$ cat model25.pdb   # PDB, C-alpha atoms
ATOM      1  CA  MET X   1     -79.747  58.480 140.576
ATOM      2  CA  MET X   2     -82.916  59.549 138.795
ATOM      3  CA  ASP X   3     -82.412  60.692 135.210
ATOM      4  CA  TRP X   4     -85.272  63.141 134.922
ATOM      5  CA  ILE X   5     -85.029  63.676 131.177
ATOM      6  CA  ASN X   6     -85.504  59.964 130.496
ATOM      7  CA  CYS X   7     -88.023  59.720 133.314
ATOM      8  CA  ILE X   8     -90.273  62.321 131.729
ATOM      9  CA  GLU X   9     -90.020  60.653 128.330
ATOM     10  CA  SER X  10     -90.826  57.225 129.748
ATOM     11  CA  ASN X  11     -93.942  58.536 131.518
ATOM     12  CA  ILE X  12     -95.401  60.567 128.661
ATOM     13  CA  ASN X  13     -97.722  57.776 127.517
ATOM     14  CA  TRP X  14     -98.851  57.232 131.110
ATOM     15  CA  LEU X  15     -99.855  60.907 131.253
ATOM     16  CA  LEU X  16    -101.574  60.835 127.861
ATOM     17  CA  GLU X  17    -103.492  57.644 128.670
ATOM     18  CA  SER X  18    -104.325  58.574 132.265
ATOM     19  CA  GLY X  19    -108.032  59.088 131.661
ATOM     20  CA  GLU X  20    -107.550  62.712 132.730
ATOM     21  CA  PRO X  21    -108.105  64.812 129.601
ATOM     22  CA  TRP X  22    -106.835  67.944 131.406
ATOM     23  CA  THR X  23    -103.546  66.107 131.999
ATOM     24  CA  ALA X  24    -103.384  64.852 128.417
ATOM     25  CA  TYR X  25    -104.217  68.312 127.048
ATOM     26  CA  ARG X  26    -101.558  70.130 129.083
ATOM     27  CA  THR X  27     -99.012  67.359 128.451
ATOM     28  CA  ARG X  28     -99.361  67.834 124.710
ATOM     29  CA  LEU X  29     -98.998  71.611 124.997
ATOM     30  CA  ASP X  30     -96.399  71.963 127.757
ATOM     31  CA  LEU X  31     -94.284  68.808 127.537
ATOM     32  CA  LEU X  32     -94.594  67.754 123.888
ATOM     33  CA  GLY X  33     -94.727  71.247 122.392
ATOM     34  CA  GLN X  34     -97.841  70.658 120.321
ATOM     35  CA  THR X  35    -100.089  73.616 119.522
ATOM     36  CA  ASP X  36    -103.800  74.311 119.809
ATOM     37  CA  ALA X  37    -104.064  73.786 116.051
ATOM     38  CA  ASP X  38    -103.081  70.124 116.418
ATOM     39  CA  GLY X  39    -105.964  67.694 116.030
ATOM     40  CA  GLU X  40    -104.930  65.623 119.063
ATOM     41  CA  VAL X  41    -104.780  68.765 121.209
ATOM     42  CA  GLN X  42    -108.208  69.870 120.037
ATOM     43  CA  ALA X  43    -109.635  66.429 120.736
ATOM     44  CA  ASP X  44    -108.243  66.371 124.262
ATOM     45  CA  TYR X  45    -109.600  69.868 124.884
ATOM     46  CA  GLN X  46    -113.106  68.879 123.823
ATOM     47  CA  THR X  47    -112.918  65.695 125.900
ATOM     48  CA  MET X  48    -111.829  67.798 128.868
ATOM     49  CA  LEU X  49    -114.742  70.191 128.410
ATOM     50  CA  ALA X  50    -117.216  67.322 128.356
ATOM     51  CA  HIS X  51    -115.752  65.503 131.358
ATOM     52  CA  CYS X  52    -118.157  65.294 134.293
ATOM     53  CA  GLN X  53    -115.597  66.567 136.816
ATOM     54  CA  VAL X  54    -114.752  69.583 134.671
ATOM     55  CA  GLN X  55    -118.429  70.263 134.096
ATOM     56  CA  GLY X  56    -118.881  70.210 137.854
ATOM     57  CA  LEU X  57    -116.126  72.794 138.224
ATOM     58  CA  ILE X  58    -117.708  74.986 135.554
ATOM     59  CA  ILE X  59    -121.029  74.880 137.395
ATOM     60  CA  ARG X  60    -119.305  75.845 140.649
ATOM     61  CA  ALA X  61    -117.328  78.604 138.944
ATOM     62  CA  ALA X  62    -120.458  79.951 137.239
ATOM     63  CA  SER X  63    -122.036  80.528 140.652
ATOM     64  CA  TRP X  64    -119.550  83.373 141.230
ATOM     65  CA  PRO X  65    -119.418  85.118 143.623
ATOM     66  CA  GLY X  66    -121.226  82.236 145.321
ATOM     67  CA  TYR X  67    -120.944  83.400 148.894
ATOM     68  CA  ALA X  68    -118.769  85.852 150.755
ATOM     69  CA  LEU X  69    -115.281  84.656 151.614
ATOM     70  CA  ARG X  70    -114.617  84.561 155.339
ATOM     71  CA  ARG X  71    -111.201  82.914 154.986
ATOM     72  CA  HIS X  72    -109.013  83.051 151.928
ATOM     73  CA  ASN X  73    -108.175  79.349 151.888
ATOM     74  CA  ASP X  74    -111.806  78.250 151.600
ATOM     75  CA  THR X  75    -111.094  75.471 149.125
ATOM     76  CA  ALA X  76    -114.741  74.968 148.114
ATOM     77  CA  HIS X  77    -115.216  78.583 147.027
ATOM     78  CA  PRO X  78    -115.959  79.361 143.346
ATOM     79  CA  LEU X  79    -112.746  81.440 143.278
ATOM     80  CA  TYR X  80    -110.682  78.248 143.296
ATOM     81  CA  ALA X  81    -112.914  76.440 140.816
ATOM     82  CA  LEU X  82    -112.142  79.349 138.492
ATOM     83  CA  SER X  83    -108.391  79.288 139.089
ATOM     84  CA  THR X  84    -108.235  75.502 138.639
ATOM     85  CA  LEU X  85    -110.087  75.708 135.338
ATOM     86  CA  ALA X  86    -107.556  78.358 134.362
ATOM     87  CA  ASP X  87    -104.756  75.948 135.305
ATOM     88  CA  PHE X  88    -106.307  73.325 133.040
ATOM     89  CA  GLY X  89    -106.375  75.810 130.167
ATOM     90  CA  LEU X  90    -110.049  76.553 129.636
ATOM     91  CA  SER X  91    -110.802  79.507 127.391
ATOM     92  CA  ASP X  92    -112.847  82.502 128.489
ATOM     93  CA  CYS X  93    -115.318  81.881 125.642
ATOM     94  CA  GLU X  94    -116.700  78.576 126.939
ATOM     95  CA  PRO X  95    -120.373  78.406 127.998
ATOM     96  CA  GLY X  96    -120.632  79.173 131.688
ATOM     97  CA  ILE X  97    -117.176  80.702 131.729
ATOM     98  CA  CYS X  98    -117.742  83.718 129.487
ATOM     99  CA  GLN X  99    -120.635  84.877 131.665
ATOM    100  CA  VAL X 100    -118.671  84.701 134.908
ATOM    101  CA  ILE X 101    -115.693  86.454 133.298
ATOM    102  CA  SER X 102    -118.010  89.326 132.373
ATOM    103  CA  THR X 103    -119.302  89.400 135.938
ATOM    104  CA  ILE X 104    -115.770  89.612 137.318
ATOM    105  CA  THR X 105    -114.582  92.351 134.961
ATOM    106  CA  ALA X 106    -117.712  94.395 135.683
ATOM    107  CA  ARG X 107    -116.563  94.823 139.279
ATOM    108  CA  GLN X 108    -113.255  96.643 139.424
ATOM    109  CA  SER X 109    -112.088  98.974 142.148
ATOM    110  CA  ALA X 110    -111.086 102.571 141.510
ATOM    111  CA  GLU X 111    -107.513 101.475 142.239
ATOM    112  CA  GLY X 112    -107.617  98.749 139.590
ATOM    113  CA  ALA X 113    -108.029  95.489 141.536
ATOM    114  CA  PHE X 114    -110.928  93.191 140.737
ATOM    115  CA  LEU X 115    -113.394  92.790 143.583
ATOM    116  CA  THR X 116    -114.421  89.772 145.615
ATOM    117  CA  GLN X 117    -117.343  89.472 148.013
ATOM    118  CA  ILE X 118    -115.733  89.229 151.442
ATOM    119  CA  ASN X 119    -117.005  89.059 155.010
ATOM    120  CA  ILE X 120    -114.442  90.043 157.616
ATOM    121  CA  PRO X 121    -115.458  88.986 161.136
ATOM    122  CA  LYS X 122    -115.434  91.645 163.835
ATOM    123  CA  ALA X 123    -112.836  89.586 165.690
ATOM    124  CA  PHE X 124    -110.398  90.384 162.864
ATOM    125  CA  GLY X 125    -111.239  94.051 162.553
ATOM    126  CA  GLY X 126    -114.163  93.703 160.162
ATOM    127  CA  THR X 127    -117.882  94.366 160.301
ATOM    128  CA  ASP X 128    -119.363  90.867 159.916
ATOM    129  CA  GLN X 129    -121.064  92.229 156.784
ATOM    130  CA  ASP X 130    -120.718  91.015 153.202
ATOM    131  CA  GLN X 131    -118.984  93.603 151.038
ATOM    132  CA  TRP X 132    -117.383  93.872 147.626
ATOM    133  CA  THR X 133    -113.728  94.717 148.158
ATOM    134  CA  TRP X 134    -110.226  93.423 147.519
ATOM    135  CA  MET X 135    -107.178  92.090 149.328
ATOM    136  CA  LEU X 136    -103.859  90.844 148.001
ATOM    137  CA  CYS X 137    -104.872  87.324 149.009
ATOM    138  CA  ASP X 138    -107.751  87.232 146.496
ATOM    139  CA  SER X 139    -107.540  89.913 143.784
ATOM    140  CA  PRO X 140    -104.355  88.506 142.132
ATOM    141  CA  THR X 141    -106.079  85.126 141.777
ATOM    142  CA  LEU X 142    -108.855  86.773 139.780
ATOM    143  CA  LEU X 143    -106.219  88.542 137.709
ATOM    144  CA  TYR X 144    -104.373  85.247 137.126
ATOM    145  CA  THR X 145    -107.611  83.574 136.021
ATOM    146  CA  LEU X 146    -108.392  86.301 133.520
ATOM    147  CA  LEU X 147    -104.866  86.201 132.111
ATOM    148  CA  ALA X 148    -104.726  82.403 131.877
ATOM    149  CA  MET X 149    -108.059  82.389 130.078
ATOM    150  CA  GLY X 150    -106.829  84.773 127.399
ATOM    151  CA  ARG X 151    -107.632  88.298 128.572
ATOM    152  CA  GLU X 152    -104.091  89.732 128.388
ATOM    153  CA  GLU X 153    -105.138  92.562 126.053
ATOM    154  CA  ASP X 154    -108.216  93.635 128.011
ATOM    155  CA  PRO X 155    -107.560  97.212 129.257
ATOM    156  CA  LYS X 156    -109.211  96.397 132.588
ATOM    157  CA  VAL X 157    -106.873  93.445 133.055
ATOM    158  CA  ARG X 158    -103.804  95.515 132.239
ATOM    159  CA  CYS X 159    -104.997  98.166 134.685
ATOM    160  CA  ALA X 160    -105.268  95.520 137.413
ATOM    161  CA  ALA X 161    -101.767  94.282 136.614
ATOM    162  CA  LEU X 162    -100.273  97.773 136.835
ATOM    163  CA  HIS X 163    -102.045  98.307 140.144
ATOM    164  CA  LEU X 164    -100.461  95.110 141.420
ATOM    165  CA  VAL X 165     -97.040  96.344 140.298
ATOM    166  CA  ASP X 166     -97.558  99.636 142.106
ATOM    167  CA  LEU X 167     -98.146  97.829 145.399
ATOM    168  CA  VAL X 168     -94.719  96.178 145.614
ATOM    169  CA  GLN X 169     -92.407  97.301 148.435
ATOM    170  CA  GLU X 170     -88.686  96.940 148.979
ATOM    171  CA  ASN X 171     -89.265  93.493 150.521
ATOM    172  CA  GLY X 172     -91.953  92.328 148.113
ATOM    173  CA  TRP X 173     -95.717  92.477 148.505
ATOM    174  CA  ARG X 174     -97.091  93.051 151.981
ATOM    175  CA  CYS X 175    -100.544  92.409 153.408
ATOM    176  CA  THR X 176    -102.499  95.093 151.548
ATOM    177  CA  ALA X 177    -106.210  95.703 151.182
ATOM    178  CA  ALA X 178    -108.644  98.228 149.730
ATOM    179  CA  PRO X 179    -108.656 101.723 151.244
ATOM    180  CA  GLU X 180    -112.214 101.278 152.538
ATOM    181  CA  LEU X 181    -110.973  98.509 154.829
ATOM    182  CA  GLY X 182    -108.967 101.065 156.753
ATOM    183  CA  LYS X 183    -106.043  99.712 158.718
ATOM    184  CA  PHE X 184    -107.064  96.084 158.339
ATOM    185  CA  LYS X 185    -104.223  93.627 157.879
ATOM    186  CA  GLY X 186    -103.501  89.979 158.565
ATOM    187  CA  PRO X 187    -101.921  88.568 161.745
ATOM    188  CA  GLY X 188     -98.384  89.795 161.199
ATOM    189  CA  ARG X 189     -96.155  92.840 161.390
ATOM    190  CA  ARG X 190     -97.231  95.519 158.961
ATOM    191  CA  ALA X 191     -93.756  95.883 157.451
ATOM    192  CA  ASP X 192     -93.316  92.144 156.801
ATOM    193  CA  PRO X 193     -93.908  90.684 153.337
ATOM    194  CA  CYS X 194     -96.910  88.377 153.026
ATOM    195  CA  PRO X 195     -95.759  85.056 151.515
ATOM    196  CA  ILE X 196     -99.046  84.139 149.838
ATOM    197  CA  ALA X 197     -99.467  87.645 148.399
ATOM    198  CA  ASN X 198     -96.032  87.296 146.785
ATOM    199  CA  VAL X 199     -96.959  83.913 145.309
ATOM    200  CA  TYR X 200    -100.212  85.233 143.860
ATOM    201  CA  ALA X 201     -98.645  88.432 142.532
ATOM    202  CA  LEU X 202     -95.738  86.656 140.840
ATOM    203  CA  LYS X 203     -98.110  84.119 139.308
ATOM    204  CA  ALA X 204    -100.201  86.842 137.688
ATOM    205  CA  LEU X 205     -97.245  88.921 136.497
ATOM    206  CA  SER X 206     -95.581  85.899 134.863
ATOM    207  CA  PHE X 207     -97.932  86.413 131.896
ATOM    208  CA  PHE X 208     -96.196  89.661 130.960
ATOM    209  CA  PRO X 209     -92.812  89.319 129.191
ATOM    210  CA  GLU X 210     -91.713  92.691 130.552
ATOM    211  CA  PHE X 211     -91.969  91.388 134.117
ATOM    212  CA  LEU X 212     -90.131  88.091 133.676
ATOM    213  CA  ASP X 213     -86.856  89.829 134.527
ATOM    214  CA  ASN X 214     -87.828  93.066 136.192
ATOM    215  CA  PRO X 215     -86.916  94.783 139.484
ATOM    216  CA  VAL X 216     -90.523  94.355 140.638
ATOM    217  CA  THR X 217     -90.572  90.580 140.265
ATOM    218  CA  HIS X 218     -87.021  90.302 141.584
ATOM    219  CA  LEU X 219     -88.320  91.810 144.835
ATOM    220  CA  GLY X 220     -91.175  89.319 145.034
ATOM    221  CA  ALA X 221     -88.993  86.325 144.216
ATOM    222  CA  GLU X 222     -86.372  87.376 146.742
ATOM    223  CA  SER X 223     -89.086  87.630 149.383
ATOM    224  CA  LEU X 224     -90.018  83.967 148.836
ATOM    225  CA  LEU X 225     -86.428  82.750 148.553
ATOM    226  CA  ASN X 226     -85.477  84.649 151.696
ATOM    227  CA  HIS X 227     -88.374  83.046 153.547
ATOM    228  CA  TRP X 228     -87.079  79.619 152.498
ATOM    229  CA  GLN X 229     -83.542  80.518 153.560
ATOM    230  CA  HIS X 230     -84.688  81.688 157.010
ATOM    231  CA  ARG X 231     -87.550  79.230 157.412
ATOM    232  CA  ALA X 232     -86.382  78.055 160.819
ATOM    233  CA  GLU X 233     -86.816  81.468 162.428
ATOM    234  CA  PHE X 234     -89.151  83.443 160.157
ATOM    235  CA  LYS X 235     -92.935  82.930 160.048
ATOM    236  CA  PRO X 236     -94.484  86.073 158.520
ATOM    237  CA  TYR X 237     -98.252  86.339 158.819
ATOM    238  CA  LEU X 238     -98.245  82.818 160.329
ATOM    239  CA  PHE X 239     -96.966  81.268 157.085
ATOM    240  CA  GLY X 240     -94.455  78.696 158.239
ATOM    241  CA  ILE X 241     -92.252  76.394 156.213
ATOM    242  CA  GLY X 242     -92.475  73.084 158.012
ATOM    243  CA  THR X 243     -93.770  69.571 157.472
ATOM    244  CA  ASP X 244     -97.117  70.630 156.005
ATOM    245  CA  PHE X 245     -95.496  73.101 153.615
ATOM    246  CA  HIS X 246     -93.387  70.298 152.108
ATOM    247  CA  LYS X 247     -96.352  68.013 151.342
ATOM    248  CA  LEU X 248     -97.417  67.783 147.692
ATOM    249  CA  LYS X 249    -100.835  69.353 147.403
ATOM    250  CA  TYR X 250    -103.169  70.687 144.725
ATOM    251  CA  PRO X 251    -105.181  72.804 143.768
ATOM    252  CA  PHE X 252    -102.948  75.869 143.958
ATOM    253  CA  ILE X 253    -104.810  77.558 146.764
ATOM    254  CA  TRP X 254    -102.432  78.299 149.595
ATOM    255  CA  TYR X 255     -98.780  78.392 150.599
ATOM    256  CA  ASP X 256     -97.062  75.069 149.930
ATOM    257  CA  ILE X 257     -93.951  73.874 148.143
ATOM    258  CA  LEU X 258     -95.517  72.868 144.837
ATOM    259  CA  HIS X 259     -97.347  76.174 144.521
ATOM    260  CA  VAL X 260     -94.255  78.225 145.380
ATOM    261  CA  VAL X 261     -91.889  76.310 143.074
ATOM    262  CA  GLU X 262     -94.426  76.344 140.236
ATOM    263  CA  VAL X 263     -94.638  80.130 140.431
ATOM    264  CA  LEU X 264     -90.913  80.760 140.837
ATOM    265  CA  SER X 265     -90.073  78.434 137.942
ATOM    266  CA  HIS X 266     -91.539  80.983 135.518
ATOM    267  CA  TYR X 267     -88.682  83.339 136.370
ATOM    268  CA  GLU X 268     -85.434  82.247 134.768
ATOM    269  CA  PHE X 269     -83.373  84.508 136.997
ATOM    270  CA  VAL X 270     -84.059  82.225 139.997
ATOM    271  CA  HIS X 271     -83.167  78.954 138.255
ATOM    272  CA  THR X 272     -79.535  78.954 139.377
ATOM    273  CA  ASP X 273     -80.238  80.295 142.862
ATOM    274  CA  PRO X 274     -79.137  77.680 145.460
ATOM    275  CA  ARG X 275     -82.282  78.314 147.504
ATOM    276  CA  PHE X 276     -84.520  77.585 144.539
ATOM    277  CA  LYS X 277     -82.535  74.441 143.764
ATOM    278  CA  GLU X 278     -83.067  73.267 147.352
ATOM    279  CA  MET X 279     -86.798  73.735 146.938
ATOM    280  CA  VAL X 280     -86.814  71.756 143.695
ATOM    281  CA  GLU X 281     -84.894  68.953 145.406
ATOM    282  CA  ALA X 282     -87.489  68.936 148.194
ATOM    283  CA  LEU X 283     -90.085  68.261 145.500
ATOM    284  CA  LEU X 284     -88.168  65.636 143.582
ATOM    285  CA  ILE X 285     -87.309  63.542 146.604
ATOM    286  CA  GLN X 286     -91.029  62.787 146.922
ATOM    287  CA  ALA X 287     -91.100  60.795 143.673
ATOM    288  CA  ASP X 288     -91.621  57.038 143.655
ATOM    289  CA  PRO X 289     -89.107  54.745 141.861
ATOM    290  CA  GLN X 290     -90.919  55.329 138.555
ATOM    291  CA  GLY X 291     -90.594  59.083 138.921
ATOM    292  CA  ARG X 292     -94.282  59.598 139.657
ATOM    293  CA  PHE X 293     -95.793  61.770 142.370
ATOM    294  CA  THR X 294     -98.562  61.137 144.880
ATOM    295  CA  ALA X 295    -100.416  63.685 146.977
ATOM    296  CA  ARG X 296     -99.140  63.892 150.543
ATOM    297  CA  SER X 297    -102.033  66.079 151.625
ATOM    298  CA  MET X 298    -105.467  66.865 150.195
ATOM    299  CA  TYR X 299    -108.365  69.293 150.317
ATOM    300  CA  GLN X 300    -111.528  67.401 151.244
ATOM    301  CA  PRO X 301    -113.826  69.302 148.829
ATOM    302  CA  TRP X 302    -111.651  67.964 145.979
ATOM    303  CA  LYS X 303    -111.965  64.313 146.915
ATOM    304  CA  GLY X 304    -112.387  62.176 143.805
ATOM    305  CA  TRP X 305    -109.619  63.862 141.821
ATOM    306  CA  SER X 306    -106.304  62.016 141.463
ATOM    307  CA  PHE X 307    -104.429  64.929 143.040
ATOM    308  CA  ALA X 308    -106.509  64.428 146.186
ATOM    309  CA  ASP X 309    -105.710  60.713 146.468
ATOM    310  CA  LYS X 310    -102.894  59.920 148.884
ATOM    311  CA  LYS X 311    -102.781  56.219 147.947
ATOM    312  CA  LYS X 312    -101.623  56.195 144.336
ATOM    313  CA  PRO X 313     -99.639  58.383 141.936
ATOM    314  CA  SER X 314    -101.471  61.302 140.399
ATOM    315  CA  PRO X 315    -100.964  61.962 136.685
ATOM    316  CA  TRP X 316    -101.814  65.643 137.171
ATOM    317  CA  LEU X 317     -99.373  66.142 140.063
ATOM    318  CA  THR X 318     -96.714  64.281 138.113
ATOM    319  CA  PHE X 319     -97.313  66.474 135.086
ATOM    320  CA  LEU X 320     -97.013  69.621 137.208
ATOM    321  CA  VAL X 321     -93.597  68.579 138.517
ATOM    322  CA  TYR X 322     -92.424  67.563 135.039
ATOM    323  CA  ARG X 323     -93.499  70.928 133.641
ATOM    324  CA  ILE X 324     -91.429  72.684 136.289
ATOM    325  CA  LEU X 325     -88.435  70.607 135.229
ATOM    326  CA  ARG X 326     -89.071  71.476 131.581
ATOM    327  CA  ARG X 327     -88.855  75.148 132.462
ATOM    328  CA  ILE X 328     -85.502  74.831 134.160
ATOM    329  CA  ASP X 329     -82.202  73.170 133.332
ATOM    330  CA  ASN X 330     -83.261  69.766 134.592
ATOM    331  CA  HIS X 331     -79.817  68.257 133.952
ATOM    332  CA  HIS X 332     -78.960  69.601 137.414
ATOM    333  CA  TYR X 333     -81.776  67.849 139.241
ATOM    334  CA  SER X 334     -81.310  64.273 140.403
ATOM    335  CA  TYR X 335     -81.467  62.465 143.681
ATOM    336  CA  GLN X 336     -80.468  59.145 145.192
ATOM    337  CA  ASN X 337     -83.336  56.647 145.485
TER     338      ASN X 337
END
$ encode --input "model25.pdb" --output "structure tokens"
Amino acid sequence: MMDWINCIESNINWLLESGEPWTAYRTRLDLLGQTDADGEVQADYQTMLAHCQVQGLIIRAASWPGYALRRHNDTAHPLYALSTLADFGLSDCEPGICQVISTITARQSAEGAFLTQINIPKAFGGTDQDQWTWMLCDSPTLLYTLLAMGREEDPKVRCAALHLVDLVQENGWRCTAAPELGKFKGPGRRADPCPIANVYALKALSFFPEFLDNPVTHLGAESLLNHWQHRAEFKPYLFGIGTDFHKLKYPFIWYDILHVVEVLSHYEFVHTDPRFKEMVEALLIQADPQGRFTARSMYQPWKGWSFADKKKPSPWLTFLVYRILRRIDNHHYSYQN
């Protein structure tokens, strides 16, 4: 049986000495409990900023909006360079980042959502024209990025968060888009919840203490847990829970087990739910004998990062799983090797 408490402790040095300053930086903050005032934390942050791969991400992010999204899982789009930099912990004041943050906040809908340049093909009810608009499969990612980079007190950001709250339904968040898009929706029943919209919404709202145990986020979490419970017969908006869903994958772009469990783990009220525990077990069983995790799937545009290498353990993926366990009562999680 794997003792995850000892496993994390025994792998801390491996994470710190991985050569991935983003992993070392987040390990110090999220696993060791150090603060940004600590000299080692500051050093890792500066090393991360200077790293060639991070600089490449900053350049990609700074090209925002880049080009119009035609599909919301376009893994090479600047949107996901931004959200990954937010995952790493970059501040909104860094060169290249502060400018794009200003560009994002300058474009906000009358409803409150931040806008993305999107091109909806005519085959899916669109116009084949680039337009600035929003959908629940992109605007919450912009909101998450702004929050993770330190914009919690920005009135525009709070407005976007309240707009997101207002969109929840009795079964969570559904496929919803800007009024100017008319009756557009994804390939599912209008009354069904959209799994990826619930993931994105819960991720953004986790930054607000008042929503960590709130009827709104209970609805979103239940939507995801219910999908897991009925995964054999329920595939809303074509989001299935099968072999591909179970594969460890990063960045957090689409609907997969690591992304879903990462988001749900922020909400303590799900920690004892049997469905959530099953999902955690489905993650942990993918560890090697040393308690390390290797990507089971990858996004080609991210080749060269350890989390896109299916041949050897990834420090960053391992850290992400360990951080989930730190958030929950990890005494309950073990499995037979």
$ atom_distance --input "model25.pdb" --atom1 "CA of Lys203 in chain X" --atom2 "CA of Arg71 in chain X"
20.5 Å
$ atom_distance --input "model25.pdb" --atom1 "CA of Pro187 in chain X" --atom2 "CA of Phe239 in chain X"
10.0 Å
$ atom_distance --input "model25.pdb" --atom1 "CA of Met298 in chain X" --atom2 "CA of Lys185 in chain X"
27.9 Å
$ resolve_selection --input "model25.pdb" --expression "the PyMOL selection byres ((chain X and resi 64) around 9)" --output "compact mmCIF listing (two decimals) with C-alpha atoms, in the frame of the given file"
# COMPACT_ATOMS: atom_id res chain seq x y z
CA ARG X 60 -119.30 75.84 140.65
CA ALA X 61 -117.33 78.60 138.94
CA ALA X 62 -120.46 79.95 137.24
CA SER X 63 -122.04 80.53 140.65
CA PRO X 65 -119.42 85.12 143.62
CA GLY X 66 -121.23 82.24 145.32
CA TYR X 67 -120.94 83.40 148.89
CA HIS X 77 -115.22 78.58 147.03
CA PRO X 78 -115.96 79.36 143.35
CA LEU X 79 -112.75 81.44 143.28
CA LEU X 82 -112.14 79.35 138.49
CA VAL X 100 -118.67 84.70 134.91
CA THR X 103 -119.30 89.40 135.94
CA ILE X 104 -115.77 89.61 137.32
$ residues_around --input "model25.pdb" --residues "range 242-250 of chain X" --least-positions-apart "6" --cutoff "7 Å" --atoms "all atoms listed in the file" --output "mmCIF file with C-alpha atoms, in the frame of the given file"
data_model
loop_
_atom_site.group_PDB
_atom_site.id
_atom_site.type_symbol
_atom_site.label_atom_id
_atom_site.label_comp_id
_atom_site.auth_asym_id
_atom_site.auth_seq_id
_atom_site.Cartn_x
_atom_site.Cartn_y
_atom_site.Cartn_z
ATOM 1 C CA ASP X 256 -97.062 75.069 149.930
ATOM 2 C CA ILE X 257 -93.951 73.874 148.143
ATOM 3 C CA LEU X 258 -95.517 72.868 144.837
ATOM 4 C CA ALA X 295 -100.416 63.685 146.977
ATOM 5 C CA ARG X 296 -99.140 63.892 150.543
ATOM 6 C CA SER X 297 -102.033 66.079 151.625
ATOM 7 C CA MET X 298 -105.467 66.865 150.195
ATOM 8 C CA PHE X 307 -104.429 64.929 143.040
#
$ resolve_selection --input "model25.pdb" --expression "the PyMOL selection byres ((chain X and resi 167) around 12)" --output "PyMOL selection string"
chain X and resi 111-113+135-136+140+160-166+168-178+193+197-198+201+216-217+219-220
$ resolve_selection --input "model25.pdb" --expression "the PyMOL selection byres ((chain X and resi 266-283) around 8)" --output "PDB file with C-alpha atoms, keeping the file's coordinate frame"
ATOM      1  CA  SER X 206     -95.581  85.899 134.863  1.00  0.00           C
ATOM      2  CA  LEU X 212     -90.131  88.091 133.676  1.00  0.00           C
ATOM      3  CA  ASP X 213     -86.856  89.829 134.527  1.00  0.00           C
ATOM      4  CA  ALA X 221     -88.993  86.325 144.216  1.00  0.00           C
ATOM      5  CA  LEU X 225     -86.428  82.750 148.553  1.00  0.00           C
ATOM      6  CA  TRP X 228     -87.079  79.619 152.498  1.00  0.00           C
ATOM      7  CA  GLN X 229     -83.542  80.518 153.560  1.00  0.00           C
ATOM      8  CA  HIS X 246     -93.387  70.298 152.108  1.00  0.00           C
ATOM      9  CA  LEU X 248     -97.417  67.783 147.692  1.00  0.00           C
ATOM     10  CA  ILE X 257     -93.951  73.874 148.143  1.00  0.00           C
ATOM     11  CA  LEU X 258     -95.517  72.868 144.837  1.00  0.00           C
ATOM     12  CA  VAL X 261     -91.889  76.310 143.074  1.00  0.00           C
ATOM     13  CA  GLU X 262     -94.426  76.344 140.236  1.00  0.00           C
ATOM     14  CA  VAL X 263     -94.638  80.130 140.431  1.00  0.00           C
ATOM     15  CA  LEU X 264     -90.913  80.760 140.837  1.00  0.00           C
ATOM     16  CA  SER X 265     -90.073  78.434 137.942  1.00  0.00           C
ATOM     17  CA  LEU X 284     -88.168  65.636 143.582  1.00  0.00           C
ATOM     18  CA  ILE X 285     -87.309  63.542 146.604  1.00  0.00           C
ATOM     19  CA  GLN X 286     -91.029  62.787 146.922  1.00  0.00           C
ATOM     20  CA  ALA X 287     -91.100  60.795 143.673  1.00  0.00           C
ATOM     21  CA  VAL X 321     -93.597  68.579 138.517  1.00  0.00           C
ATOM     22  CA  ARG X 327     -88.855  75.148 132.462  1.00  0.00           C
ATOM     23  CA  ILE X 328     -85.502  74.831 134.160  1.00  0.00           C
ATOM     24  CA  ASP X 329     -82.202  73.170 133.332  1.00  0.00           C
ATOM     25  CA  TYR X 333     -81.776  67.849 139.241  1.00  0.00           C
ATOM     26  CA  SER X 334     -81.310  64.273 140.403  1.00  0.00           C
ATOM     27  CA  TYR X 335     -81.467  62.465 143.681  1.00  0.00           C
TER      28      TYR X 335
END
$ closest_residue --input "model25.pdb" --among "X:Ala106, X:Leu49, X:Ala68, X:Val54" --to "Ala81 in chain X" --atoms "only C-alpha atoms"
X:Val54
$ closest_residue --input "model25.pdb" --among "X:Ile253, X:Cys52, X:Leu325, X:Ala191" --to "Ile5 in chain X" --atoms "only C-alpha atoms"
X:Leu325
$ residues_near_point --input "model25.pdb" --point "(-97.2, 89.9, 126.0)" --cutoff "9 Å" --atoms "all atoms listed in the file" --output "list in words"
Glu152, Glu153, Phe207, Phe208, Pro209 and Glu210 of chain X
$ residues_around --input "model25.pdb" --residues "Gly186 in chain X" --least-positions-apart "3" --cutoff "9 Å" --atoms "only C-alpha atoms" --output "ChimeraX atom specification"
/X:124,175-176,189-190,194,237
$ write_last_selection --input "model25.pdb" --atoms "C-alpha atoms" --output "mmCIF file, in the frame of the given file"
data_model
loop_
_atom_site.group_PDB
_atom_site.id
_atom_site.type_symbol
_atom_site.label_atom_id
_atom_site.label_comp_id
_atom_site.auth_asym_id
_atom_site.auth_seq_id
_atom_site.Cartn_x
_atom_site.Cartn_y
_atom_site.Cartn_z
ATOM 1 C CA PHE X 124 -110.398 90.384 162.864
ATOM 2 C CA CYS X 175 -100.544 92.409 153.408
ATOM 3 C CA THR X 176 -102.499 95.093 151.548
ATOM 4 C CA ARG X 189 -96.155 92.840 161.390
ATOM 5 C CA ARG X 190 -97.231 95.519 158.961
ATOM 6 C CA CYS X 194 -96.910 88.377 153.026
ATOM 7 C CA TYR X 237 -98.252 86.339 158.819
#
$ residues_around --input "model25.pdb" --residues "Ile196 in chain X" --least-positions-apart "2" --cutoff "8 Å" --atoms "all atoms listed in the file" --output "number ranges by chain"
X: 137, 194, 198-200, 254-255
